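Asker: Structure file run.txt, compact mmCIF, C-alpha atoms and all ligand atoms, is pasted below:
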```txt
# COMPACT_ATOMS: atom_id res chain seq x y z
CA MET A 1 0.00 0.00 0.00
CA LYS A 2 1.57 3.27 -1.16
CA TYR A 3 0.97 6.76 0.11
CA PHE A 4 -1.25 8.31 -2.58
CA TRP A 5 0.73 11.52 -3.03
CA ARG A 6 3.91 9.55 -3.84
CA ASP A 7 2.31 8.37 -7.10
CA TRP A 8 0.41 11.54 -7.72
CA LYS A 9 2.08 12.46 -11.04
CA ASN A 10 1.12 9.16 -12.73
CA ILE A 11 -2.44 9.46 -11.49
CA LEU A 12 -2.63 13.08 -12.61
CA ARG A 13 -1.47 12.07 -16.09
CA ASP A 14 -4.30 9.52 -16.33
CA TRP A 15 -6.79 12.06 -14.99
CA GLU A 16 -5.79 14.60 -17.63
CA LYS A 17 -5.96 12.07 -20.47
CA SER A 18 -9.45 10.91 -19.52
CA SER A 19 -12.72 12.34 -20.78
CA CYS A 20 -15.27 10.64 -18.51
CA ARG A 21 -14.19 10.28 -14.90
CA ILE A 22 -16.06 8.65 -12.10
CA LEU A 23 -15.39 9.03 -8.39
CA PHE A 24 -16.95 6.64 -5.89
CA LEU A 25 -16.74 8.14 -2.42
CA ASP A 26 -17.72 6.64 0.90
CA PHE A 27 -19.23 9.08 3.42
CA ASP A 28 -18.43 8.41 7.13
CA GLY A 29 -14.72 8.36 7.85
CA THR A 30 -13.95 9.45 4.28
CA LEU A 31 -15.73 12.75 3.63
CA THR A 32 -16.41 13.38 7.33
CA PRO A 33 -14.55 12.28 10.46
CA ILE A 34 -16.26 9.57 12.53
CA VAL A 35 -18.23 11.30 15.30
CA ASN A 36 -20.00 9.87 18.34
CA ASP A 37 -23.46 10.63 16.96
CA PRO A 38 -23.77 9.72 13.24
CA LYS A 39 -26.58 12.28 12.86
CA LYS A 40 -24.04 15.01 13.62
CA ALA A 41 -21.59 13.97 10.89
CA HIS A 42 -20.97 17.03 8.77
CA VAL A 43 -19.09 17.64 5.52
CA ASN A 44 -17.01 20.74 6.17
CA GLU A 45 -17.21 23.73 3.87
CA GLY A 46 -13.91 23.18 2.06
CA MET A 47 -14.80 19.54 1.32
CA ALA A 48 -18.33 20.51 0.19
CA GLN A 49 -16.99 23.19 -2.15
CA ALA A 50 -14.47 20.78 -3.68
CA LEU A 51 -17.22 18.18 -4.16
CA ASN A 52 -19.51 20.73 -5.77
CA ARG A 53 -16.79 21.89 -8.15
CA LEU A 54 -15.96 18.30 -9.09
CA ALA A 55 -19.58 17.24 -9.53
CA SER A 56 -20.44 20.30 -11.60
CA LYS A 57 -17.83 19.59 -14.26
CA LYS A 58 -19.34 17.80 -17.22
CA SER A 59 -16.51 15.31 -17.53
CA ASN A 60 -16.84 14.08 -13.93
CA GLN A 61 -19.40 11.90 -12.24
CA THR A 62 -19.40 11.90 -8.45
CA VAL A 63 -21.14 9.06 -6.63
CA ILE A 64 -21.48 8.84 -2.83
CA VAL A 65 -21.55 5.16 -1.77
CA SER A 66 -22.55 4.61 1.83
CA GLY A 67 -24.19 2.33 4.35
CA ARG A 68 -26.50 5.25 5.19
CA SER A 69 -29.96 5.32 3.70
CA LEU A 70 -30.54 7.12 0.41
CA LYS A 71 -32.86 9.57 2.16
CA ASP A 72 -30.20 10.45 4.72
CA LEU A 73 -27.52 10.97 2.04
CA ARG A 74 -29.74 13.13 -0.16
CA SER A 75 -30.56 15.40 2.76
CA ARG A 76 -26.86 16.21 3.15
CA PHE A 77 -26.02 17.38 -0.36
CA SER A 78 -27.61 20.09 -2.45
CA ASN A 79 -25.69 19.59 -5.70
CA ARG A 80 -28.08 17.92 -8.14
CA HIS A 81 -25.23 16.37 -10.11
CA VAL A 82 -24.08 14.19 -7.21
CA LEU A 83 -25.41 10.63 -7.42
CA PHE A 84 -26.04 8.38 -4.43
CA MET A 85 -25.95 4.73 -3.53
CA GLY A 86 -27.35 4.11 -0.05
CA ASN A 87 -27.65 0.97 2.09
CA HIS A 88 -24.39 -0.41 0.66
CA GLY A 89 -25.74 -0.16 -2.88
CA LEU A 90 -29.22 -1.60 -2.18
CA GLU A 91 -30.70 1.82 -2.92
CA MET A 92 -29.64 4.09 -5.77
CA THR A 93 -30.56 7.55 -6.99
CA PRO A 94 -33.71 6.93 -9.08
CA HIS A 95 -32.10 7.38 -12.49
CA MET A 96 -29.52 4.71 -11.68
CA GLU A 97 -32.25 2.10 -11.23
CA GLY A 98 -32.46 -1.05 -13.31
CA MET A 99 -30.92 -3.08 -10.53
CA PRO A 100 -29.78 -6.66 -11.02
CA PHE A 101 -31.65 -9.56 -9.42
CA PRO A 102 -29.67 -9.89 -6.14
CA ALA A 103 -30.40 -6.30 -5.17
CA LYS A 104 -34.11 -6.81 -5.85
CA LEU A 105 -34.09 -10.08 -3.91
CA ALA A 106 -32.66 -8.24 -0.89
CA ARG A 107 -35.86 -6.25 -0.62
CA LYS A 108 -37.83 -9.44 -0.05
CA HIS A 109 -35.84 -10.11 3.11
CA VAL A 110 -36.86 -6.84 4.74
CA PRO A 111 -39.56 -8.48 6.98
CA PHE A 112 -36.78 -10.51 8.68
CA LEU A 113 -34.90 -7.28 9.34
CA ARG A 114 -37.99 -5.83 11.02
CA ILE A 115 -38.24 -8.87 13.36
CA LEU A 116 -34.58 -8.58 14.35
CA GLU A 117 -34.88 -4.81 14.71
CA ARG A 118 -37.69 -5.18 17.26
CA LYS A 119 -35.69 -7.71 19.28
CA LEU A 120 -32.55 -5.56 19.24
CA ARG A 121 -34.48 -2.47 20.29
CA ILE A 122 -36.01 -4.30 23.27
CA THR A 123 -32.67 -5.85 24.29
CA PHE A 124 -30.75 -2.58 24.20
CA MET A 125 -33.55 -0.33 25.42
CA PHE A 126 -31.65 0.60 28.59
CA TRP A 127 -28.17 0.78 27.06
CA PRO A 128 -27.51 4.50 26.50
CA GLY A 129 -24.35 3.84 24.45
CA VAL A 130 -26.08 1.55 21.96
CA TRP A 131 -28.78 2.34 19.43
CA VAL A 132 -30.46 0.69 16.50
CA GLU A 133 -30.82 2.60 13.26
CA ASP A 134 -33.50 1.46 10.83
CA LYS A 135 -32.35 2.19 7.28
CA LYS A 136 -35.26 0.46 5.54
CA TYR A 137 -33.15 -2.16 3.71
CA SER A 138 -30.56 -2.69 6.44
CA LEU A 139 -29.98 -2.07 10.14
CA SER A 140 -27.08 -0.46 11.93
CA LEU A 141 -26.41 -1.35 15.53
CA HIS A 142 -24.21 1.53 16.69
CA TYR A 143 -22.15 1.26 19.85
CA ARG A 144 -19.86 4.27 19.55
CA ASN A 145 -20.72 5.42 23.06
CA LEU A 146 -20.63 2.05 24.81
CA SER A 147 -18.79 2.16 28.13
CA LYS A 148 -15.80 -0.18 28.50
CA ASP A 149 -17.34 -2.24 31.29
CA GLN A 150 -20.26 -3.19 29.02
CA PHE A 151 -18.14 -4.49 26.12
CA THR A 152 -18.08 -8.15 27.19
CA MET A 153 -21.81 -8.32 27.81
CA PHE A 154 -22.51 -6.50 24.54
CA HIS A 155 -20.41 -8.93 22.51
CA GLU A 156 -22.03 -11.91 24.22
CA LEU A 157 -25.44 -10.59 23.25
CA ILE A 158 -24.27 -10.07 19.66
CA LEU A 159 -23.04 -13.68 19.51
CA PHE A 160 -26.39 -14.81 20.89
CA PHE A 161 -28.33 -12.95 18.17
CA GLN A 162 -25.98 -14.08 15.42
CA HIS A 163 -26.43 -17.68 16.50
CA LYS A 164 -30.19 -17.37 16.85
CA PHE A 165 -30.56 -15.88 13.35
CA LYS A 166 -27.78 -17.88 11.69
CA ASP A 167 -30.15 -19.73 9.36
CA GLY A 168 -32.05 -16.57 8.43
CA PRO A 169 -31.48 -14.49 5.31
CA LEU A 170 -29.42 -11.83 7.10
CA VAL A 171 -25.71 -11.16 7.27
CA TRP A 172 -23.79 -9.30 10.00
CA ARG A 173 -20.77 -7.19 9.11
CA HIS A 174 -18.57 -5.45 11.63
CA GLY A 175 -17.48 -1.86 10.96
CA LYS A 176 -16.05 0.96 13.06
CA ARG A 177 -18.07 0.70 16.30
CA VAL A 178 -21.07 -0.54 14.35
CA TRP A 179 -22.66 -3.82 13.29
CA GLU A 180 -24.25 -3.60 9.87
CA ILE A 181 -27.01 -6.14 9.35
CA ARG A 182 -28.35 -6.60 5.86
CA PRO A 183 -30.01 -9.17 3.61
CA ARG A 184 -27.83 -12.14 2.71
CA VAL A 185 -27.60 -11.67 -1.05
CA ASP A 186 -24.71 -11.49 -3.48
CA TRP A 187 -24.74 -7.72 -3.50
CA ASP A 188 -22.52 -5.22 -1.72
CA LYS A 189 -20.77 -1.91 -2.33
CA GLY A 190 -18.34 -3.67 -4.66
CA ARG A 191 -21.06 -5.22 -6.84
CA ALA A 192 -23.00 -1.95 -6.87
CA VAL A 193 -19.94 0.02 -7.96
CA GLN A 194 -19.14 -2.53 -10.69
CA PHE A 195 -22.71 -2.22 -11.95
CA VAL A 196 -22.64 1.60 -12.18
CA HIS A 197 -19.09 1.67 -13.54
CA LYS A 198 -20.15 -0.61 -16.40
CA LYS A 199 -23.13 1.59 -17.18
CA LEU A 200 -21.10 4.79 -17.24
CA LYS A 201 -18.20 3.47 -19.34
CA SER A 202 -15.76 5.88 -17.73
CA ASP A 203 -12.10 5.97 -18.63
CA PHE A 204 -10.88 7.04 -15.18
CA CYS A 205 -12.15 5.69 -11.89
CA LEU A 206 -11.15 6.57 -8.36
CA ILE A 207 -12.54 4.92 -5.22
CA LEU A 208 -12.19 6.22 -1.69
CA GLY A 209 -13.28 4.50 1.52
CA ASP A 210 -12.17 3.75 5.05
CA ASP A 211 -13.97 0.70 6.44
CA THR A 212 -14.54 -3.02 5.97
CA THR A 213 -17.53 -2.63 3.62
CA ASP A 214 -15.34 -0.46 1.33
CA GLU A 215 -12.98 -3.40 0.92
CA ASP A 216 -15.62 -4.94 -1.39
CA MET A 217 -15.17 -1.96 -3.72
CA PHE A 218 -11.38 -2.13 -3.49
CA SER A 219 -11.12 -5.83 -4.26
CA ARG A 220 -13.67 -5.90 -7.08
CA MET A 221 -12.40 -2.77 -8.82
CA ARG A 222 -8.68 -3.14 -8.23
CA ASP A 223 -7.75 -3.50 -11.91
CA LYS A 224 -10.19 -0.83 -13.08
CA ALA A 225 -9.74 1.96 -10.55
CA TYR A 226 -7.36 3.83 -8.31
CA THR A 227 -8.36 2.43 -4.94
CA ILE A 228 -7.57 4.55 -1.90
CA ARG A 229 -8.14 3.72 1.75
CA VAL A 230 -8.39 6.48 4.34
CA GLY A 231 -5.94 5.27 6.96
CA ARG A 232 -3.11 2.85 6.25
CA SER A 233 -3.83 -0.83 6.76
CA LYS A 234 -1.87 -3.96 5.94
CA ARG A 235 -5.08 -5.95 5.51
CA SER A 236 -6.64 -3.65 2.92
CA SER A 237 -7.01 -4.50 -0.78
CA ALA A 238 -6.64 -0.83 -1.73
CA ASP A 239 -3.48 0.14 -3.64
CA TYR A 240 -3.08 3.51 -1.94
CA TYR A 241 -3.83 5.26 1.30
CA LEU A 242 -4.49 8.79 2.47
CA LYS A 243 -3.85 9.70 6.07
CA ASN A 244 -7.21 11.18 7.13
CA THR A 245 -10.21 13.21 5.97
CA GLN A 246 -8.06 16.38 5.67
CA ASP A 247 -5.89 14.47 3.23
CA VAL A 248 -9.06 13.49 1.31
CA ARG A 249 -10.08 17.13 1.22
CA ALA A 250 -6.65 18.10 -0.16
CA LEU A 251 -7.04 15.50 -2.92
CA LEU A 252 -10.59 16.53 -3.87
CA GLU A 253 -9.62 20.23 -3.82
CA THR A 254 -6.63 19.54 -6.06
CA LEU A 255 -8.70 17.50 -8.53
CA SER A 256 -11.50 20.05 -8.54
CA ARG A 257 -9.09 22.81 -9.61
CA LEU A 258 -7.59 20.91 -12.52
CA PRO A 259 -8.70 22.20 -15.91
CA SER A 260 -10.93 19.88 -17.93
CA LYS A 261 -9.28 19.48 -21.30
CA HIS A 262 -11.57 16.91 -22.83
CA ARG A 263 -15.27 17.44 -23.03
CA SER A 264 -16.23 15.29 -25.97
CA MET A 265 -17.82 12.52 -23.84
CA SER A 266 -19.14 14.08 -20.72
CA GLY A 267 -20.39 12.39 -17.60
CA HIS A 268 -23.60 14.40 -17.73
CA GLU A 269 -24.22 13.48 -21.33
CA LEU A 270 -23.71 9.85 -20.38
CA LYS A 271 -26.00 10.24 -17.44
CA GLU A 272 -28.68 11.62 -19.74
CA SER A 273 -28.26 8.94 -22.36
CA VAL A 274 -27.44 5.85 -20.34
CA LEU A 275 -28.90 6.36 -16.91
CA CYS A 276 -31.93 8.60 -17.26
CA ARG A 277 -34.17 6.18 -19.02
CA ASN A 278 -37.10 6.12 -16.62
MG MG A 301 -16.81 4.81 6.02
```
Can the structure in the file be given as structure tokens, please?
Answerer:
Amino acid sequence: MKYFWRDWKNILRDWEKSSCRILFLDFDGTLTPIVNDPKKAHVNEGMAQALNRLASKKSNQTVIVSGRSLKDLRSRFSNRHVLFMGNHGLEMTPHMEGMPFPAKLARKHVPFLRILERKLRITFMFWPGVWVEDKKYSLSLHYRNLSKDQFTMFHELILFFQHKFKDGPLVWRHGKRVWEIRPRVDWDKGRAVQFVHKKLKSDFCLILGDDTTDEDMFSRMRDKAYTIRVGRSKRSSADYYLKNTQDVRALLETLSRLPSKHRSMSGHELKESVLCRN
């Protein structure tokens, strides 16, 4: 894993040669620092301006890919050119619809999520450091504020639930102080990104993320994209790393200020012709 800025000149050369660029960006821990209350996560002004400049250029397509719900993501951005994939790719901005079978199948498993959600809410009702977030097609069990003396009990309860629901159509994935629970289908951020990347036919792709679910994007797109993890890790499939969200901001600001030389095949034109069919 190389520090991104060490290879910057090669990447810049590819960026300048390309005419339709796509950026897949995770949200928490990538565009915003991880905060104790996910509702308070905020994209700072410099980052937002860089994103707006990037998204507004015809030759770029900016896609936010997150475990958050689509509704939540859309409420945080005002630029109409930014596209969104929520719930780890189970929800997409309407004009990216036309989802493959596994993503549709996931929606059928939602009643099981509701059953588990009710049980988790009752179990953790009196745990102030733990809360369940209903994201329609997935659940997040956050424990960012769990006190140290409750860790053992918490993990025992998680093992109990995982065992109890092991034959059900749900899968548990551990992230940064969160358990993501979603339908057990062959669909994740990596599959979703592959799907959109194919539709857009871009000639430059950059992927940024910081957590375990982003590894699906890194591994599936490794030969087609510059994959960058926020925070160095020996276990990551990403080729590059950036140190933190300030480093991400520096990258997005730099890219947003580069002149666009090629406009013959623009991202927006592609969006109109390929994606906006409904
Ligand atoms: Mg993240």
Asker: Kindly give the distance, in Å, that separates atom CA of Met221 of chain A and atom CA of Gly46 of chain A, rounded to a single decimal.
Answerer: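 So the answer is 28.2 Å.
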Asker: Can you pull out every residue with an atom within 10 Å of ligand MG 301 (chain A)? Use all atoms listed in the file and format it as JSON, numbers by chain.
Answerer: {"A": [25, 26, 27, 28, 29, 30, 31, 32, 33, 34, 65, 66, 67, 68, 175, 176, 208, 209, 210, 211, 212, 213, 214, 229, 230]}
Asker: Closest to Lys17 of chain A among A:Gln49, A:Thr254, A:Ser236, A:Ser202, using all atoms listed in the file?
Answerer: A:Ser202
Asker: Which is closest to Lys224 of chain A among A:Asp37, A:Glu180, A:Asp203, A:Glu16, if we use all atoms listed in the file?
Answerer: A:Asp203
Asker: Applying 10 Å and all atoms listed in the file, which residues near Asn36 of chain A remain after dropping the ones on its own chain fewer than 6 positions away? List them as a PyMOL selection string.
Answerer: chain A and resi 129+142-145+177
Asker: Quick one: pull the distance between atom CA of Lys119 of chain A and atom CA of Leu159 of chain A, Å, one decimal.
Answerer: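 Result for atom CA of Lys119 of chain A versus atom CA of Leu159 of chain A: 14.0 Å, one decimal.
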Asker: Kindly indicate which residue among A:Met125, A:Arg107, A:Leu258, A:Pro94 lies nearest to Ser59 of chain A, using all atoms listed in the file for the distances.
Answerer: A:Leu258
Asker: Let me make sure I understand: among A:Val178, A:Val248, A:Asp149, A:Val193, which one has the smallest atom-to-atom distance to Arg222 of chain A if we use only C-alpha atoms?
Answerer: A:Val193
Asker: Considering all atoms listed in the file, can you say which of A:Tyr241, A:Phe84, A:Phe218, A:Phe154 comes closest to Asp72 of chain A?
Answerer: A:Phe84
Asker: A:Val132, A:Gln162, A:Met92, A:Arg118: which is nearest Phe195 of chain A, counting only C-alpha atoms?
Answerer: A:Met92
Asker: Enclose segment 190-196 of chain A, meaning all of its atoms listed in the file, in a box aligned along x, y and z, pad it by 3 Å on each side, and list the centre and edge lengths in Å to one decimal, as lines of an AutoDock Vina configuration file.
Answerer:
```
center_x = -20.7
center_y = -1.8
center_z = -8.4
size_x = 10.7
size_y = 12.8
size_z = 13.5
```
Asker: For Cys205 of chain A, find every residue with an atom within 8 Å (counting only C-alpha atoms), except residues of its own chain fewer than 2 positions away, and show them as a PDB file with C-alpha atoms, keeping the file's coordinate frame.
Answerer:
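Contents of result-v4.pdb, as written:
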```pdb
ATOM      1  CA  ARG A  21     -14.190  10.280 -14.900  1.00  0.00           C
ATOM      2  CA  ILE A  22     -16.060   8.650 -12.100  1.00  0.00           C
ATOM      3  CA  LEU A  23     -15.390   9.030  -8.390  1.00  0.00           C
ATOM      4  CA  PHE A  24     -16.950   6.640  -5.890  1.00  0.00           C
ATOM      5  CA  SER A 202     -15.760   5.880 -17.730  1.00  0.00           C
ATOM      6  CA  ASP A 203     -12.100   5.970 -18.630  1.00  0.00           C
ATOM      7  CA  ILE A 207     -12.540   4.920  -5.220  1.00  0.00           C
ATOM      8  CA  LYS A 224     -10.190  -0.830 -13.080  1.00  0.00           C
ATOM      9  CA  ALA A 225      -9.740   1.960 -10.550  1.00  0.00           C
ATOM     10  CA  TYR A 226      -7.360   3.830  -8.310  1.00  0.00           C
TER      11      TYR A 226
END
```
Asker: For a cut-off of 12 Å around (2.9, 6.3, -6.1), file coordinates, pick out all residues using only C-alpha atoms and list them as a list of chain:residue names.
Answerer: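 Checking each residue against the 12 Å limit leaves A:Met1, A:Lys2, A:Tyr3, A:Phe4, A:Trp5, A:Arg6, A:Asp7, A:Trp8, A:Lys9, A:Asn10, A:Ile11, A:Leu12, A:Tyr226, A:Thr227, A:Ile228, A:Asp239, A:Tyr240, A:Tyr241, A:Leu242.
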Asker: One decimal, in Å: what's the spacing between atom CA of Ala41 of chain A and atom CA of Glu91 of chain A?
Answerer: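 That distance, rounded to one decimal, is 20.5 Å.
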Asker: Write out as JSON, numbers by chain the residues lying within 9 Å of Leu255 of chain A, counting only C-alpha atoms and excluding same-chain residues fewer than 4 positions away.
Answerer: {"A": [12, 15, 50, 54, 250, 251, 259]}
